[in-house]
Amino acid sequence: MQDLENDIRNLIAEIIEKDPSEITPDAKFVEELGVDSMMALEILAGLEKKYRIAIPEEKLASITTLKETVAIAKEFLEAAKTCNV
Amino acid sequence: MFDIEKIQKVLPHRFPFLLIDRVLEVEPGKRAVVLKNVSINEGFFAGHFPGNPLMPETLIMEAMAQASIMLLADEGEQKKFDVYLGSVKADFLHPVRPGDQLKITVEAIKIVSEQGLVSVTVEVEGKLVARGQIGFVVKWM
């Protein structure tokens, strides 16, 4: 879980061009980190590519903090695992 | 394949700013391949640069963005929409000169109802001259 969080933090840091240390679990993407809707789509697309998962559009609105983003990735990683069994 | 008539049903751009001449392939929402012919008669060559005509990279970027809109061709022919460039990351690798034909290939990274993220390559005679990632926002009317 910690590794997943760190990997996603680094992925987000690269997209939003911030130092990973600024992306604390509860830092608000829009208000505190200057994330816009285009960056949110890049984050979603980045997660899909990195973890080979498909995340539906309605989850885009939930990409608001690192904690929420990790929860989305986890949900769809688990769904993918279940499908593969 | 789309000819210029059909291109103009999708793109609102007109002279001197319609930077696509032909669409070779479209898989709506997924992929498009288009052509832009670069003629010495293009107005910008008069000033960019006298005696050394080079297509401005910003216009190559614009052609890449217009090509990206072709992913919306299906819906775009039936419904009106505004499209805005949201983000651009691009590399320009070789100059484009009069007589070149740009072959622009757009591949969807992620398309949702009002936004899209695509990767785009531009080739001249098989040589990569530019590549980039474009994000756009669509407002359907």
# chains A, B, ... in the order shown; residues from 1 in each chain; ligands from 1
>>> residues_around(residues="Leu71 (chain B)", least_positions_apart="4", cutoff="7 Å", atoms="only C-alpha atoms", output="tab-separated table (two decimals) with N, CA, C and O atoms, in the first residue's frame")
chain	number	residue	atom	x	y	z
B	26	VAL	N	-9.92	7.59	-40.13
B	26	VAL	CA	-10.45	8.00	-38.82
B	26	VAL	C	-11.11	6.81	-38.17
B	26	VAL	O	-11.92	6.12	-38.78
B	27	GLU	N	-10.73	6.58	-36.93
B	27	GLU	CA	-11.45	5.63	-36.09
B	27	GLU	C	-11.93	6.51	-34.95
B	27	GLU	O	-11.13	6.87	-34.07
B	28	PRO	N	-13.20	6.95	-34.98
B	28	PRO	CA	-13.65	7.95	-34.01
B	28	PRO	C	-13.30	7.58	-32.57
B	28	PRO	O	-13.48	6.44	-32.16
B	29	GLY	N	-12.76	8.59	-31.87
B	29	GLY	CA	-12.41	8.38	-30.47
B	29	GLY	C	-11.10	7.63	-30.26
B	29	GLY	O	-10.64	7.47	-29.14
B	30	LYS	N	-10.50	7.15	-31.36
B	30	LYS	CA	-9.28	6.33	-31.19
B	30	LYS	C	-8.08	6.82	-31.98
B	30	LYS	O	-7.00	7.00	-31.45
B	31	ARG	N	-8.27	7.04	-33.28
B	31	ARG	CA	-7.10	7.28	-34.13
B	31	ARG	C	-7.49	8.06	-35.37
B	31	ARG	O	-8.60	7.89	-35.90
B	32	ALA	N	-6.58	8.91	-35.82
B	32	ALA	CA	-6.81	9.61	-37.09
B	32	ALA	C	-5.46	9.82	-37.77
B	32	ALA	O	-4.44	10.02	-37.11
>>> interface_residues(of="chain A", to="chain B", cutoff="9 Å", atoms="only C-alpha atoms", output="PyMOL selection string")
chain A and resi 37-39+41-42+44-45+49+56-57
>>> residues_around(residues="Ser62 (chain A)", least_positions_apart="4", cutoff="12 Å", atoms="only C-alpha atoms", output="ChimeraX atom specification")
/A:28-30,37,40-41,43-44,55-58,66-73
>>> residues_around(residues="region 43-55 of chain B", least_positions_apart="2", cutoff="9 Å", atoms="only C-alpha atoms", output="ChimeraX atom specification")
/B:16,38,40-41,57-60,95-98
>>> residues_around(residues="Val34 (chain B)", least_positions_apart="5", cutoff="8 Å", atoms="only C-alpha atoms", output="list in words")
Ile20, Asp21, Arg22, Val23, Leu24, Glu25, Ala67, Lys103, Ile104 and Thr105 of chain B
>>> residues_around(residues="region 13-19 of chain A", least_positions_apart="4", cutoff="9 Å", atoms="only C-alpha atoms", output="JSON, numbers by chain")
{"A": [8, 9, 23, 33, 34, 35, 39, 42, 43, 46]}
>>> write_last_selection(atoms="C-alpha atoms", output="PDB file, in the first residue's frame")
ATOM      1  CA  ILE A   8       1.312   7.278  -7.490  1.00  0.00           C
ATOM      2  CA  ARG A   9       2.774  10.307  -5.686  1.00  0.00           C
ATOM      3  CA  ILE A  23       1.853  15.919  -2.393  1.00  0.00           C
ATOM      4  CA  LEU A  33      -1.517  22.104  -5.675  1.00  0.00           C
ATOM      5  CA  GLY A  34      -2.966  23.998  -8.652  1.00  0.00           C
ATOM      6  CA  VAL A  35      -4.222  20.891 -10.465  1.00  0.00           C
ATOM      7  CA  MET A  39      -3.977  17.485 -15.338  1.00  0.00           C
ATOM      8  CA  GLU A  42      -3.510  13.098 -17.356  1.00  0.00           C
ATOM      9  CA  ILE A  43      -3.352  11.556 -13.882  1.00  0.00           C
ATOM     10  CA  GLY A  46      -1.257   7.800 -16.257  1.00  0.00           C
TER      11      GLY A  46
END
>>> residues_around(residues="Asp82 (chain B)", least_positions_apart="4", cutoff="10 Å", atoms="only C-alpha atoms", output="list in words")
Leu11, Pro12, Gly76, Val137, Val138, Lys139, Trp140 and Met141 of chain B
>>> decode(residues="region 2-141 of chain B", atoms="C-alpha atoms", output="mmCIF file, in the first residue's frame")
data_model
loop_
_atom_site.group_PDB
_atom_site.id
_atom_site.type_symbol
_atom_site.label_atom_id
_atom_site.label_comp_id
_atom_site.auth_asym_id
_atom_site.auth_seq_id
_atom_site.Cartn_x
_atom_site.Cartn_y
_atom_site.Cartn_z
ATOM 1 C CA PHE B 2 -12.444 12.658 -45.905
ATOM 2 C CA ASP B 3 -12.021 15.287 -48.571
ATOM 3 C CA ILE B 4 -11.819 19.000 -47.816
ATOM 4 C CA GLU B 5 -15.618 19.399 -47.986
ATOM 5 C CA LYS B 6 -16.152 16.907 -45.190
ATOM 6 C CA ILE B 7 -13.242 18.304 -43.176
ATOM 7 C CA GLN B 8 -14.999 21.676 -43.215
ATOM 8 C CA LYS B 9 -18.158 20.099 -41.818
ATOM 9 C CA VAL B 10 -16.194 19.075 -38.738
ATOM 10 C CA LEU B 11 -13.660 21.901 -38.334
ATOM 11 C CA PRO B 12 -14.872 25.494 -38.031
ATOM 12 C CA HIS B 13 -11.488 26.779 -39.275
ATOM 13 C CA ARG B 14 -11.250 28.505 -42.645
ATOM 14 C CA PHE B 15 -8.667 30.265 -44.792
ATOM 15 C CA PRO B 16 -5.975 31.063 -43.874
ATOM 16 C CA PHE B 17 -6.179 28.903 -40.802
ATOM 17 C CA LEU B 18 -7.493 25.531 -41.970
ATOM 18 C CA LEU B 19 -4.361 23.427 -41.662
ATOM 19 C CA ILE B 20 -5.610 20.035 -42.819
ATOM 20 C CA ASP B 21 -6.046 19.073 -46.479
ATOM 21 C CA ARG B 22 -7.133 15.457 -46.309
ATOM 22 C CA VAL B 23 -8.074 12.833 -43.750
ATOM 23 C CA LEU B 24 -6.761 9.395 -44.671
ATOM 24 C CA GLU B 25 -8.164 7.407 -41.767
ATOM 25 C CA VAL B 26 -10.446 8.003 -38.823
ATOM 26 C CA GLU B 27 -11.447 5.635 -36.091
ATOM 27 C CA PRO B 28 -13.651 7.949 -34.011
ATOM 28 C CA GLY B 29 -12.408 8.384 -30.468
ATOM 29 C CA LYS B 30 -9.281 6.333 -31.186
ATOM 30 C CA ARG B 31 -7.097 7.276 -34.125
ATOM 31 C CA ALA B 32 -6.807 9.609 -37.093
ATOM 32 C CA VAL B 33 -4.270 10.064 -39.887
ATOM 33 C CA VAL B 34 -4.352 13.327 -41.835
ATOM 34 C CA LEU B 35 -2.325 15.207 -44.432
ATOM 35 C CA LYS B 36 -1.240 18.832 -44.587
ATOM 36 C CA ASN B 37 0.433 19.982 -47.794
ATOM 37 C CA VAL B 38 2.882 22.808 -47.289
ATOM 38 C CA SER B 39 3.068 25.153 -50.284
ATOM 39 C CA ILE B 40 5.412 28.072 -50.931
ATOM 40 C CA ASN B 41 2.180 30.068 -51.427
ATOM 41 C CA GLU B 42 1.443 29.930 -47.687
ATOM 42 C CA GLY B 43 1.350 33.544 -46.541
ATOM 43 C CA PHE B 44 3.606 33.022 -43.530
ATOM 44 C CA PHE B 45 6.592 32.096 -45.727
ATOM 45 C CA ALA B 46 6.792 35.732 -46.830
ATOM 46 C CA GLY B 47 8.054 36.667 -43.394
ATOM 47 C CA HIS B 48 9.253 33.380 -41.863
ATOM 48 C CA PHE B 49 11.858 33.854 -43.184
ATOM 49 C CA PRO B 50 12.741 35.878 -46.298
ATOM 50 C CA GLY B 51 15.153 33.719 -48.285
ATOM 51 C CA ASN B 52 14.833 30.840 -45.803
ATOM 52 C CA PRO B 53 11.208 29.616 -45.761
ATOM 53 C CA LEU B 54 10.437 27.540 -42.644
ATOM 54 C CA MET B 55 6.979 26.555 -41.420
ATOM 55 C CA PRO B 56 6.574 28.050 -37.914
ATOM 56 C CA GLU B 57 6.515 25.299 -35.293
ATOM 57 C CA THR B 58 3.498 26.965 -33.686
ATOM 58 C CA LEU B 59 1.565 26.297 -36.912
ATOM 59 C CA ILE B 60 2.759 22.681 -37.005
ATOM 60 C CA MET B 61 1.348 22.506 -33.480
ATOM 61 C CA GLU B 62 -1.940 24.008 -34.706
ATOM 62 C CA ALA B 63 -2.123 21.405 -37.497
ATOM 63 C CA MET B 64 -1.564 18.701 -34.852
ATOM 64 C CA ALA B 65 -4.406 20.179 -32.779
ATOM 65 C CA GLN B 66 -6.770 20.365 -35.777
ATOM 66 C CA ALA B 67 -5.910 16.751 -36.633
ATOM 67 C CA SER B 68 -6.816 15.789 -33.061
ATOM 68 C CA ILE B 69 -10.311 17.233 -33.509
ATOM 69 C CA MET B 70 -10.874 14.615 -36.212
ATOM 70 C CA LEU B 71 -11.308 12.062 -33.428
ATOM 71 C CA LEU B 72 -14.641 13.815 -32.814
ATOM 72 C CA ALA B 73 -15.605 13.606 -36.499
ATOM 73 C CA ASP B 74 -18.649 11.367 -36.042
ATOM 74 C CA GLU B 75 -20.429 13.476 -33.456
ATOM 75 C CA GLY B 76 -18.859 16.673 -34.749
ATOM 76 C CA GLU B 77 -20.610 16.407 -38.097
ATOM 77 C CA GLN B 78 -23.995 16.287 -36.404
ATOM 78 C CA LYS B 79 -23.591 18.554 -33.388
ATOM 79 C CA LYS B 80 -22.004 21.954 -32.972
ATOM 80 C CA PHE B 81 -19.132 22.267 -30.571
ATOM 81 C CA ASP B 82 -16.386 24.563 -29.370
ATOM 82 C CA VAL B 83 -12.984 23.086 -28.777
ATOM 83 C CA TYR B 84 -10.173 24.586 -26.735
ATOM 84 C CA LEU B 85 -6.544 23.610 -26.497
ATOM 85 C CA GLY B 86 -5.897 22.640 -22.879
ATOM 86 C CA SER B 87 -2.298 21.480 -22.738
ATOM 87 C CA VAL B 88 0.624 20.903 -25.078
ATOM 88 C CA LYS B 89 3.915 19.072 -24.749
ATOM 89 C CA ALA B 90 5.814 18.932 -28.008
ATOM 90 C CA ASP B 91 9.200 18.338 -29.581
ATOM 91 C CA PHE B 92 10.115 19.656 -33.014
ATOM 92 C CA LEU B 93 12.871 17.573 -34.521
ATOM 93 C CA HIS B 94 13.357 18.794 -38.091
ATOM 94 C CA PRO B 95 12.405 21.937 -40.040
ATOM 95 C CA VAL B 96 9.401 21.876 -42.387
ATOM 96 C CA ARG B 97 9.849 23.588 -45.731
ATOM 97 C CA PRO B 98 7.753 24.353 -48.831
ATOM 98 C CA GLY B 99 6.891 21.170 -50.731
ATOM 99 C CA ASP B 100 6.755 19.008 -47.616
ATOM 100 C CA GLN B 101 3.664 16.935 -46.908
ATOM 101 C CA LEU B 102 2.939 16.480 -43.215
ATOM 102 C CA LYS B 103 1.468 13.132 -42.295
ATOM 103 C CA ILE B 104 -0.077 13.633 -38.878
ATOM 104 C CA THR B 105 -1.082 10.595 -36.823
ATOM 105 C CA VAL B 106 -3.243 11.063 -33.734
ATOM 106 C CA GLU B 107 -3.698 8.285 -31.174
ATOM 107 C CA ALA B 108 -6.111 8.689 -28.271
ATOM 108 C CA ILE B 109 -4.631 8.289 -24.804
ATOM 109 C CA LYS B 110 -7.921 8.978 -23.035
ATOM 110 C CA ILE B 111 -11.103 10.535 -24.370
ATOM 111 C CA VAL B 112 -13.982 11.402 -22.034
ATOM 112 C CA SER B 113 -17.172 13.299 -22.831
ATOM 113 C CA GLU B 114 -15.767 16.816 -22.555
ATOM 114 C CA GLN B 115 -12.001 16.304 -22.627
ATOM 115 C CA GLY B 116 -9.390 14.437 -24.552
ATOM 116 C CA LEU B 117 -5.725 13.553 -24.247
ATOM 117 C CA VAL B 118 -3.934 12.384 -27.398
ATOM 118 C CA SER B 119 -0.442 11.643 -28.629
ATOM 119 C CA VAL B 120 0.469 13.011 -32.033
ATOM 120 C CA THR B 121 3.334 12.366 -34.445
ATOM 121 C CA VAL B 122 4.184 14.295 -37.595
ATOM 122 C CA GLU B 123 6.188 12.733 -40.411
ATOM 123 C CA VAL B 124 7.542 14.012 -43.715
ATOM 124 C CA GLU B 125 8.378 11.201 -46.138
ATOM 125 C CA GLY B 126 8.631 8.749 -43.251
ATOM 126 C CA LYS B 127 10.902 10.985 -41.142
ATOM 127 C CA LEU B 128 9.603 12.085 -37.754
ATOM 128 C CA VAL B 129 9.599 15.899 -37.676
ATOM 129 C CA ALA B 130 7.480 16.528 -34.570
ATOM 130 C CA ARG B 131 5.781 14.660 -31.768
ATOM 131 C CA GLY B 132 3.692 15.693 -28.837
ATOM 132 C CA GLN B 133 0.886 15.235 -26.410
ATOM 133 C CA ILE B 134 -2.191 17.439 -26.648
ATOM 134 C CA GLY B 135 -5.012 17.913 -24.192
ATOM 135 C CA PHE B 136 -8.246 19.512 -25.370
ATOM 136 C CA VAL B 137 -11.586 20.506 -23.922
ATOM 137 C CA VAL B 138 -14.839 20.165 -25.877
ATOM 138 C CA LYS B 139 -18.050 22.062 -25.184
ATOM 139 C CA TRP B 140 -20.968 20.503 -27.032
ATOM 140 C CA MET B 141 -23.765 22.938 -27.916
#
